[in-house]
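Just query.txt here, compact mmCIF, C-alpha atoms:
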# COMPACT_ATOMS: atom_id res chain seq x y z
CA MET A 220 0.00 0.00 0.00
CA ARG A 221 2.78 2.45 0.79
CA SER A 222 4.42 1.92 -2.59
CA ARG A 223 1.11 2.48 -4.37
CA PHE A 224 0.61 5.64 -2.38
CA ALA A 225 4.07 6.94 -3.26
CA ALA A 226 3.47 6.27 -6.94
CA THR A 227 0.23 8.26 -6.99
CA THR A 228 1.10 11.15 -4.69
CA ALA A 229 2.48 13.54 -7.32
CA ALA A 230 -0.44 13.10 -9.69
CA THR A 231 -2.99 13.50 -6.93
CA LEU A 232 -1.37 16.66 -5.61
CA LEU A 233 -1.13 18.24 -9.07
CA THR A 234 -4.83 17.60 -9.61
CA ALA A 235 -5.78 19.07 -6.25
CA MET A 236 -3.59 22.13 -6.69
CA ALA A 237 -4.87 22.77 -10.19
CA CYS A 238 -8.52 22.72 -9.12
CA GLY A 239 -9.52 23.10 -5.49
CA ASP A 240 -13.01 21.80 -6.28
CA ALA A 241 -11.76 18.55 -7.80
CA PRO A 242 -12.69 15.51 -5.68
CA THR A 243 -9.84 13.30 -4.58
CA SER A 244 -10.05 9.54 -5.08
CA THR A 245 -9.88 7.28 -2.06
CA ALA A 246 -10.44 4.04 -3.94
CA LEU A 247 -6.95 2.69 -3.21
CA LEU A 248 -7.63 2.99 0.51
CA ARG A 249 -10.85 0.99 0.66
CA SER A 250 -9.06 -2.25 1.45
CA THR A 251 -7.49 -0.82 4.61
CA SER A 252 -10.57 -1.41 6.72
CA ALA A 253 -13.16 -3.86 5.55
CA ALA A 254 -14.75 -3.65 8.98
CA VAL A 255 -15.54 0.03 8.53
CA HIS A 256 -17.62 -0.74 5.45
CA SER A 257 -19.20 -3.98 6.64
CA ALA A 258 -22.26 -2.32 8.14
CA ALA A 259 -23.09 -0.40 4.95
CA GLU A 260 -26.60 1.01 5.27
CA ALA A 261 -28.32 -2.01 6.82
CA PRO A 262 -30.99 -0.75 9.25
CA GLY A 263 -30.66 -3.73 11.54
CA VAL A 264 -27.09 -3.00 12.60
CA PRO A 265 -26.84 -1.61 16.17
CA ARG A 266 -25.99 2.07 16.53
CA ALA A 267 -22.83 3.43 18.12
CA GLN A 268 -24.66 5.27 20.87
CA SER A 269 -21.79 5.53 23.37
CA THR A 270 -19.19 6.71 20.85
CA VAL A 271 -21.59 9.31 19.46
CA GLN A 272 -22.66 10.48 22.91
CA TRP A 273 -19.12 11.15 24.13
CA ASN A 274 -17.94 12.68 20.88
CA LYS A 275 -20.82 15.14 21.09
CA LYS A 276 -19.83 15.74 24.71
CA VAL A 277 -16.30 16.87 23.88
CA VAL A 278 -17.60 19.26 21.22
CA ALA A 279 -20.08 20.71 23.72
CA LEU A 280 -17.32 21.11 26.32
CA PHE A 281 -15.19 22.97 23.80
CA ARG A 282 -18.08 25.26 22.89
CA ALA A 283 -18.57 26.04 26.57
CA ARG A 284 -14.97 26.25 27.76
CA ALA A 285 -12.66 26.40 24.70
CA GLY A 286 -9.41 24.49 25.32
CA ASP A 287 -7.33 22.22 23.08
CA VAL A 288 -10.23 20.55 21.32
CA ALA A 289 -8.09 18.84 18.67
CA ARG A 290 -5.96 16.94 21.18
CA ALA A 291 -8.91 16.24 23.48
CA THR A 292 -11.02 14.82 20.66
CA THR A 293 -8.15 12.86 19.14
CA TYR A 294 -6.88 11.19 22.29
CA MET A 295 -10.43 10.47 23.45
CA SER A 296 -11.24 8.88 20.06
CA ILE A 297 -8.10 6.75 20.13
CA ALA A 298 -8.89 5.64 23.69
CA GLN A 299 -12.45 4.81 22.62
CA TYR A 300 -11.23 2.73 19.70
CA ARG A 301 -8.66 0.79 21.73
CA ALA A 302 -11.15 0.22 24.52
CA ALA A 303 -13.81 -0.96 22.08
CA ARG A 304 -11.33 -3.38 20.51
CA ALA A 305 -10.26 -4.73 23.90
CA ALA A 306 -13.86 -5.30 24.99
CA ASP A 307 -14.71 -6.88 21.65
CA ASP A 308 -11.72 -9.22 21.91
CA ASP A 309 -13.07 -10.43 25.27
CA ARG A 310 -16.71 -10.76 24.15
CA HIS A 311 -16.63 -14.55 24.38
CA GLY A 312 -15.02 -14.60 27.82
CA LYS A 313 -16.70 -15.12 31.14
CA THR A 314 -17.32 -11.44 31.84
CA ARG A 315 -18.61 -10.46 28.35
CA PRO A 316 -17.64 -6.78 28.80
CA SER A 317 -19.84 -4.13 27.29
CA ILE A 318 -18.26 -2.27 24.37
CA ALA A 319 -20.44 0.75 25.15
CA GLY A 320 -19.17 0.67 28.73
CA ALA A 321 -15.57 0.45 27.53
CA VAL A 322 -16.06 3.48 25.29
CA ALA A 323 -17.69 5.43 28.10
CA GLY A 324 -14.98 4.59 30.64
CA ALA A 325 -12.20 5.58 28.25
CA SER A 326 -13.98 8.80 27.30
CA VAL A 327 -14.48 10.00 30.87
CA VAL A 328 -10.87 9.38 31.88
CA VAL A 329 -9.50 11.34 28.92
CA LEU A 330 -12.01 14.18 29.03
CA LYS A 331 -11.51 14.77 32.76
CA GLN A 332 -7.86 15.48 32.03
CA PHE A 333 -8.72 18.11 29.42
CA TYR A 334 -11.79 19.56 31.16
CA PRO A 335 -11.24 19.04 34.91
CA LEU A 336 -13.89 21.56 35.94
CA ASP A 337 -16.52 19.25 34.45
CA ALA A 338 -15.22 16.01 36.01
CA ALA A 339 -18.16 15.54 38.38
CA ALA A 340 -20.71 16.19 35.63
CA MET A 341 -19.01 13.67 33.36
CA GLU A 342 -18.99 11.00 36.06
CA ALA A 343 -22.69 11.67 36.63
CA GLU A 344 -23.35 11.29 32.91
CA LEU A 345 -21.52 7.97 32.90
CA ASP A 346 -23.54 6.87 35.96
CA ALA A 347 -26.74 7.64 34.04
CA GLN A 348 -25.51 5.71 31.03
CA ARG A 349 -24.65 2.72 33.23
CA ALA A 350 -28.12 2.78 34.80
CA ALA A 351 -30.03 3.11 31.52
CA PRO A 352 -31.61 0.03 29.94
CA PRO A 353 -29.12 -1.51 27.48
CA VAL A 354 -29.80 -1.46 23.77
CA ALA A 355 -30.38 -4.76 22.02
CA ASP A 356 -26.77 -5.64 21.24
CA GLU A 357 -25.69 -4.74 24.80
CA ARG A 358 -28.04 -7.11 26.60
CA ASN A 359 -26.26 -9.75 28.62
CA LYS A 360 -23.10 -7.61 28.53
CA ASP A 361 -21.32 -6.42 31.67
CA PHE A 362 -21.19 -2.61 31.59
CA ALA A 363 -18.97 -2.38 34.66
CA ALA A 364 -16.43 -4.80 33.18
CA GLY A 365 -16.33 -2.78 29.98
CA GLU A 366 -16.02 0.47 31.90
CA ALA A 367 -13.05 -0.91 33.86
CA ILE A 368 -11.30 -1.81 30.59
CA GLY A 369 -12.01 1.64 29.20
CA ARG A 370 -10.71 3.46 32.27
CA GLN A 371 -7.48 1.50 32.19
CA ILE A 372 -6.95 2.19 28.48
CA GLY A 373 -7.89 5.84 28.91
CA ALA A 374 -5.16 6.25 31.53
CA ALA A 375 -2.61 4.59 29.25
CA VAL A 376 -3.56 6.88 26.35
CA LEU A 377 -3.20 9.94 28.58
CA ALA A 378 0.30 8.82 29.60
CA TRP A 379 1.17 8.52 25.92
CA ALA A 380 -0.36 11.93 25.15
CA ALA A 381 1.80 13.55 27.83
CA THR A 382 4.90 12.79 25.74
CA ASP A 383 3.71 14.18 22.37
CA ASN A 384 5.69 17.44 22.63
CA ALA A 385 2.65 19.51 21.62
CA GLY A 386 3.28 23.24 21.89
CA LEU A 387 6.83 22.87 23.19
CA THR A 388 8.95 23.57 20.10
CA SER A 389 9.81 27.14 19.16
CA PRO A 390 9.59 27.95 15.45
CA GLY A 391 12.40 30.46 15.78
CA THR A 392 12.46 34.05 14.59
CA PRO A 393 10.75 35.03 11.33
CA PRO A 394 12.90 36.49 8.55
CA ILE A 395 12.70 40.22 7.99
CA GLY A 396 11.89 41.70 4.61
CA PRO A 397 9.18 42.09 1.96
CA GLY A 398 6.74 39.20 1.78
CA TYR A 399 7.46 37.84 5.25
CA TRP A 400 4.91 37.53 8.01
CA THR A 401 5.18 39.87 10.98
CA SER A 402 3.76 39.18 14.42
CA SER A 403 0.97 41.18 16.00
CA GLY A 404 3.01 41.20 19.20
CA ALA A 405 1.00 38.40 20.77
CA ALA A 406 2.52 34.98 21.30
CA THR A 407 3.08 33.19 18.02
CA VAL A 408 0.59 30.35 17.60
CA ARG A 409 2.69 27.19 17.18
CA GLY A 410 -0.09 24.84 16.11
CA GLY A 411 1.34 21.35 15.77
CA PHE A 412 4.90 22.48 15.10
CA GLY A 413 7.39 19.96 16.51
CA ALA A 414 4.72 17.64 17.93
CA ARG A 415 4.90 13.87 17.51
CA PRO A 416 2.81 12.72 14.53
CA PHE A 417 0.66 9.60 14.52
CA PHE A 418 1.35 8.41 10.98
CA LEU A 419 3.96 10.68 9.39
CA THR A 420 7.60 9.72 9.69
CA SER A 421 8.32 13.31 10.74
CA GLY A 422 6.60 16.68 10.83
CA SER A 423 8.47 17.68 7.69
CA GLU A 424 7.59 14.61 5.61
CA LEU A 425 5.05 16.43 3.45
CA ARG A 426 6.97 19.70 3.12
CA LEU A 427 8.44 19.01 -0.31
CA GLN A 428 5.14 17.64 -1.61
CA ILE A 429 3.52 21.07 -1.24
CA PRO A 430 4.77 23.74 -3.65
CA ALA A 431 6.17 27.00 -2.38
CA PRO A 432 3.73 29.92 -2.25
CA PRO A 433 3.80 32.40 -5.12
CA ALA A 434 6.72 34.79 -4.96
CA PHE A 435 5.86 38.04 -3.23
CA GLY A 436 5.03 40.60 -5.90
CA SER A 437 4.53 38.00 -8.65
CA GLN A 438 1.39 38.07 -10.78
CA ALA A 439 0.03 34.99 -9.01
CA PHE A 440 0.50 36.70 -5.67
CA LEU A 441 -1.03 39.97 -6.86
CA ASP A 442 -4.03 38.12 -8.28
CA GLY A 443 -4.54 36.30 -4.99
CA LEU A 444 -4.28 39.52 -3.01
CA ALA A 445 -6.66 41.32 -5.38
CA GLU A 446 -9.30 38.64 -4.81
CA VAL A 447 -9.10 39.01 -1.02
CA ARG A 448 -9.30 42.81 -1.37
CA ALA A 449 -12.31 42.63 -3.70
CA ILE A 450 -14.17 40.28 -1.36
CA ALA A 451 -13.43 42.49 1.65
CA LEU A 452 -14.83 45.52 -0.21
CA THR A 453 -18.06 43.75 -1.18
CA ARG A 454 -18.40 41.13 1.57
CA THR A 455 -21.97 39.91 1.75
CA PRO A 456 -23.89 38.85 4.87
CA GLU A 457 -23.78 35.28 3.55
CA GLN A 458 -19.99 35.37 3.21
CA THR A 459 -19.67 36.77 6.73
CA ALA A 460 -21.97 34.04 8.07
CA ILE A 461 -19.87 31.35 6.36
CA THR A 462 -16.72 32.88 7.83
CA LEU A 463 -18.14 32.86 11.35
CA LYS A 464 -19.58 29.37 10.96
CA TRP A 465 -16.06 27.94 10.67
CA VAL A 466 -14.53 29.92 13.56
CA PRO A 467 -12.34 28.97 15.31
CA PHE A 468 -11.62 25.45 13.94
CA SER A 469 -13.05 23.00 11.44
CA GLY A 470 -12.63 19.95 13.70
CA PRO A 471 -15.78 20.40 15.83
CA LEU A 472 -18.00 20.85 12.77
CA PHE A 473 -16.53 17.84 10.98
CA ASN A 474 -16.90 15.72 14.11
CA ALA A 475 -20.57 16.69 14.23
CA ILE A 476 -20.90 15.63 10.58
CA ALA A 477 -19.10 12.36 11.37
CA THR A 478 -21.43 11.48 14.23
CA ASP A 479 -24.46 12.29 12.06
CA LEU A 480 -23.16 9.92 9.38
CA ILE A 481 -22.35 7.23 11.94
CA GLU A 482 -25.96 7.38 13.10
CA LYS A 483 -27.37 7.58 9.57
CA TYR A 484 -25.51 4.45 8.46
CA HIS A 485 -25.97 2.53 11.72
CA ARG A 486 -22.30 1.94 12.42
CA SER A 487 -21.35 -0.19 15.42
CA GLU A 488 -19.36 1.12 18.38
CA LEU A 489 -16.20 -0.54 17.07
CA GLU A 490 -16.61 0.84 13.56
CA ALA A 491 -17.57 4.31 14.76
CA SER A 492 -14.67 4.57 17.17
CA ARG A 493 -12.24 3.55 14.43
CA ILE A 494 -13.57 6.16 12.00
CA LEU A 495 -13.32 8.95 14.56
CA ALA A 496 -9.89 7.87 15.79
CA TYR A 497 -8.39 7.87 12.31
CA ALA A 498 -10.14 11.06 11.22
CA ASN A 499 -9.02 13.07 14.23
CA ALA A 500 -5.48 11.66 14.37
CA ALA A 501 -5.05 12.35 10.65
CA ALA A 502 -6.17 15.94 11.26
CA ILE A 503 -3.52 16.32 13.97
CA ASP A 504 -0.87 15.07 11.54
CA ALA A 505 -2.12 17.54 8.94
CA ILE A 506 -1.73 20.39 11.42
CA ILE A 507 1.78 19.22 12.37
CA ALA A 508 2.77 19.20 8.69
CA CYS A 509 0.91 22.45 8.06
CA PHE A 510 2.84 24.42 10.66
CA ASP A 511 6.10 22.91 9.47
CA VAL A 512 5.33 24.47 6.08
CA LYS A 513 4.14 27.72 7.65
CA PHE A 514 7.41 28.16 9.52
CA THR A 515 9.41 27.25 6.43
CA TYR A 516 8.03 30.10 4.31
CA TRP A 517 6.78 32.60 6.96
CA PHE A 518 4.43 33.94 4.30
CA ILE A 519 2.78 37.33 4.72
CA ARG A 520 -0.92 37.59 5.56
CA PRO A 521 -3.21 39.49 3.15
CA THR A 522 -3.93 42.22 5.70
CA LYS A 523 -0.19 42.77 6.19
CA ALA A 524 0.35 43.00 2.43
CA ASP A 525 -2.57 45.43 2.13
CA PRO A 526 -3.67 47.07 5.41
CA THR A 527 -6.85 48.38 3.76
CA ILE A 528 -8.29 44.83 3.74
CA THR A 529 -10.87 44.44 6.47
CA LEU A 530 -11.40 41.25 8.47
CA ALA A 531 -14.65 39.48 9.31
CA THR A 532 -13.06 37.73 12.30
CA PRO A 533 -9.85 38.24 14.31
CA LEU A 534 -6.56 37.21 12.69
CA PRO A 535 -4.62 34.30 14.25
CA ASN A 536 -1.01 35.17 15.01
CA HIS A 537 0.84 32.82 12.66
CA PRO A 538 1.93 32.89 9.00
CA SER A 539 -0.50 32.60 6.11
CA TYR A 540 0.66 29.72 3.89
CA PRO A 541 -0.91 27.19 3.93
CA SER A 542 -4.31 27.58 5.60
CA ALA A 543 -4.47 25.53 8.79
CA HIS A 544 -8.26 25.31 8.49
CA SER A 545 -7.83 23.74 5.08
CA CYS A 546 -5.09 21.36 6.22
CA GLN A 547 -7.27 20.02 9.03
CA THR A 548 -10.34 19.91 6.79
CA GLY A 549 -8.60 17.98 4.01
CA ALA A 550 -7.55 15.23 6.41
CA LEU A 551 -10.97 14.91 8.03
CA GLU A 552 -12.70 14.91 4.66
CA THR A 553 -10.45 12.16 3.30
CA VAL A 554 -11.01 9.73 6.16
CA LEU A 555 -14.75 10.35 6.21
CA GLU A 556 -15.01 9.88 2.44
CA ASP A 557 -13.28 6.54 2.82
CA ALA A 558 -15.76 5.50 5.51
CA PHE A 559 -18.83 6.94 3.78
CA PRO A 560 -18.14 6.90 0.02
CA SER A 561 -21.75 7.67 -0.90
CA GLU A 562 -21.41 11.00 0.96
CA ARG A 563 -18.41 12.09 -1.06
CA ALA A 564 -20.12 15.01 -2.82
CA MET A 565 -21.43 16.45 0.44
CA LEU A 566 -18.09 16.07 2.20
CA ASP A 567 -16.19 17.68 -0.66
CA ALA A 568 -18.61 20.62 -0.77
CA THR A 569 -18.26 21.05 2.99
CA ALA A 570 -14.47 21.00 2.77
CA GLN A 571 -14.56 23.63 0.02
CA GLU A 572 -16.81 25.83 2.17
CA ALA A 573 -14.49 25.51 5.16
CA SER A 574 -11.53 26.47 2.99
CA ILE A 575 -13.11 29.44 1.20
CA SER A 576 -14.48 30.76 4.50
CA ARG A 577 -10.98 31.98 5.35
CA VAL A 578 -10.79 33.90 2.06
CA TYR A 579 -14.22 35.41 2.70
CA GLY A 580 -13.00 36.53 6.11
CA GLY A 581 -9.88 38.24 4.74
CA LEU A 582 -7.50 35.91 6.58
CA HIS A 583 -6.09 33.91 3.65
CA TYR A 584 -5.41 33.94 -0.06
CA ARG A 585 -7.18 31.30 -2.12
CA PHE A 586 -3.83 29.60 -2.82
CA ASP A 587 -3.39 29.12 0.95
CA GLY A 588 -6.57 27.07 1.00
CA VAL A 589 -5.80 25.06 -2.12
CA ALA A 590 -2.41 24.06 -0.71
CA GLY A 591 -3.92 23.32 2.69
CA LEU A 592 -6.59 20.99 1.34
CA ALA A 593 -3.98 19.16 -0.73
CA LEU A 594 -1.70 18.73 2.28
CA GLY A 595 -4.57 17.56 4.48
CA ARG A 596 -5.70 15.02 1.91
CA LEU A 597 -2.18 13.63 1.69
CA ALA A 598 -2.09 13.31 5.47
CA GLY A 599 -5.46 11.55 5.43
CA ARG A 600 -4.29 9.06 2.82
CA LEU A 601 -1.17 8.30 4.78
CA ALA A 602 -3.23 7.70 7.91
CA LEU A 603 -5.44 5.18 6.15
CA SER A 604 -2.62 3.44 4.31
CA ARG A 605 -0.20 3.21 7.25
CA GLY A 606 -2.60 2.63 10.14
CA GLY A 607 -1.18 1.85 13.54
CA LEU A 608 -3.71 3.15 16.05
CA GLU A 609 -4.75 -0.35 17.10
What does the file become when written as structure tokens?
Amino acid sequence: MRSRFAATTAATLLTAMACGDAPTSTALLRSTSAAVHSAAEAPGVPRAQSTVQWNKKVVALFRARAGDVARATTYMSIAQYRAARAADDDRHGKTRPSIAGAVAGASVVVLKQFYPLDAAAMEAELDAQRAAPPVADERNKDFAAGEAIGRQIGAAVLAWAATDNAGLTSPGTPPIGPGYWTSSGAATVRGGFGARPFFLTSGSELRLQIPAPPAFGSQAFLDGLAEVRAIALTRTPEQTAITLKWVPFSGPLFNAIATDLIEKYHRSELEASRILAYANAAAIDAIIACFDVKFTYWFIRPTKADPTITLATPLPNHPSYPSAHSCQTGALETVLEDAFPSERAMLDATAQEASISRVYGGLHYRFDGVAGLALGRLAGRLALSRGGLE
């Protein structure tokens, strides 16, 4: 699979860069997880109620309290998947642990670390889940046994997360001169720079697969800047609403889409937890690679190149190229398209909206978004072809 991926990478990237609206094939990845597709659309397959419940919980906690939603969602999803697998492996044993209980136990342990002020409320929610009548596929399963498995795995995942180096690496000092980004004076947002990736061999693995931004002052640059300026001068209420819809990150919205699809297609707890684990971990890798590229080129933001451009939302304090929103979005889109191929058109349209929202808002050039989607899609393909979260 890796050799096939390497052989197709250049062609795929050229297509994506030439046309941001062009869908990206995931056919070569379908064989990576037959289990993910086994449920298809059969209405009789049990729903992933526990996985969906706790994924919605982390998004709600972020909406209420902010915080590092990408890491919280990713490590929770990985813990859910590993706990679900462990409970499923023991389903024929004497205890017959509940997979839903395993997912719940893992979720609470991880989320309490990221949102400690809500620890008591989360434990109460788990208590209510434990006391509720089990769904059909959970009858004769031991919720407490599953919960114990999940709590143990959740603690192990948190210990692993503590060593990921997130936010600890300095990108250095930006170059000085025309075309280079300049700080607002606030702390530079480091994103995933220097963090440990899940699937990439290093944070810089994708750097050379993304072309350099247009030269400052070139016609391509001037055209990109002119588009941002024109939109800012005529920004419509609809464009402003789209901008604000995708603030501050694309991850929470794509996770909401993922849980809706999981419910629509009746995916099991094991299948659902795998989809969310790979989608969110791929998005983290995309952000790691994205900020490696950002701090390679230190490219100027549109509003720094032309201070007359107005913003529809505050400007993050990090370089422009490529768009981090688009990097994250491309990875999430790719994994979800692999899991739900019949939803490809919707997912592609959603990814395009997330990307163009940053142009509507005055934060990015269109070429930032095109490069970001391409990078994210590469990261998503690598996640599905390399695997390793089991």
Can you measure atom CA of Ile503 of chain A to atom CA of Ile297 of chain A for me? One decimal in Å is fine.
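Answer for the atom CA of Ile503 of chain A to atom CA of Ile297 of chain A separation: 12.3 Å.
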Write out as a tab-separated table the residues of segment 489-578 of chain A that have any atom within 12 Å of an atom of segment 380-388 of chain A, one row each with the nearest atom pair and its distance in Å to one decimal, counting only C-alpha atoms, sorted by chain and then rising number.
residue	atom	partner	partner_atom	distance
A:Ala500	CA	A:Ala380	CA	11.9
A:Ile503	CA	A:Ala385	CA	10.3
A:Asp504	CA	A:Ala385	CA	11.6
A:Ile506	CA	A:Ala385	CA	11.1
A:Ile507	CA	A:Ala385	CA	9.3
A:Phe510	CA	A:Thr388	CA	11.3
A:Asp511	CA	A:Thr388	CA	11.0
A:Phe514	CA	A:Thr388	CA	11.6
Could you tell me how far atom CA of Phe518 of chain A sits from atom CA of Gly398 of chain A, in Å to one decimal place?
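Interatomic distance here is 6.3 Å.
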Using only C-alpha atoms, which of the listed residues (A:Val329, A:Ala375, A:Leu555, A:Leu608) sits closest to Ala496 of chain A?
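For Ala496 of chain A, the nearest of the candidates is A:Leu608.
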Point-to-point distance from atom CA of Glu482 of chain A to atom CA of Ala305 of chain A, Å rounded to tenths
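A separation of 22.6 Å between them.
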Tell me, as number ranges by chain, which residues lie within 8 Å of Ala291 of chain A, counting only C-alpha atoms; anything in the same chain fewer than 6 positions away does not count.
A: 277, 329-330, 333
Have a look at A:Lys331, A:Arg577, A:Lys360, A:His537 and name the one nearest to Val447 of chain A; count only C-alpha atoms.
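Using only C-alpha atoms, the shortest distance to Val447 of chain A belongs to A:Arg577.
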Mind checking which residues fall within 12 Å of Ile368 of chain A, counting only C-alpha atoms, ignoring those fewer than 5 positions away in the same chain, and posting them as a compact mmCIF listing (two decimals) with C-alpha atoms, in the coordinates of the input?
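Result saved to result34.txt:
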# COMPACT_ATOMS: atom_id res chain seq x y z
CA ALA A 298 -8.89 5.64 23.69
CA GLN A 299 -12.45 4.81 22.62
CA TYR A 300 -11.23 2.73 19.70
CA ARG A 301 -8.66 0.79 21.73
CA ALA A 302 -11.15 0.22 24.52
CA ALA A 303 -13.81 -0.96 22.08
CA ARG A 304 -11.33 -3.38 20.51
CA ALA A 305 -10.26 -4.73 23.90
CA ALA A 306 -13.86 -5.30 24.99
CA ASP A 307 -14.71 -6.88 21.65
CA ASP A 308 -11.72 -9.22 21.91
CA ASP A 309 -13.07 -10.43 25.27
CA THR A 314 -17.32 -11.44 31.84
CA ARG A 315 -18.61 -10.46 28.35
CA PRO A 316 -17.64 -6.78 28.80
CA SER A 317 -19.84 -4.13 27.29
CA ILE A 318 -18.26 -2.27 24.37
CA ALA A 319 -20.44 0.75 25.15
CA GLY A 320 -19.17 0.67 28.73
CA ALA A 321 -15.57 0.45 27.53
CA VAL A 322 -16.06 3.48 25.29
CA ALA A 323 -17.69 5.43 28.10
CA GLY A 324 -14.98 4.59 30.64
CA ALA A 325 -12.20 5.58 28.25
CA SER A 326 -13.98 8.80 27.30
CA VAL A 328 -10.87 9.38 31.88
CA ASP A 361 -21.32 -6.42 31.67
CA PHE A 362 -21.19 -2.61 31.59
CA ALA A 363 -18.97 -2.38 34.66
CA GLY A 373 -7.89 5.84 28.91
CA ALA A 374 -5.16 6.25 31.53
CA ALA A 375 -2.61 4.59 29.25
When distances are computed from only C-alpha atoms, which of A:Arg585, A:Arg290, A:Arg493, A:Arg600 shows the smallest separation from Leu377 of chain A?
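Looking at the shortest contact to Leu377 of chain A, the residue is A:Arg290.
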Can you tell me which residues surround segment 523-526 of chain A at a distance of at most 8 Å, considering all atoms listed in the file, apart from same-chain residues fewer than 5 positions away, and format the answer as a list of chain:residue names?
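Listed by chain and then number, they are A:Gly398, A:Trp400, A:Thr401, A:Leu444.
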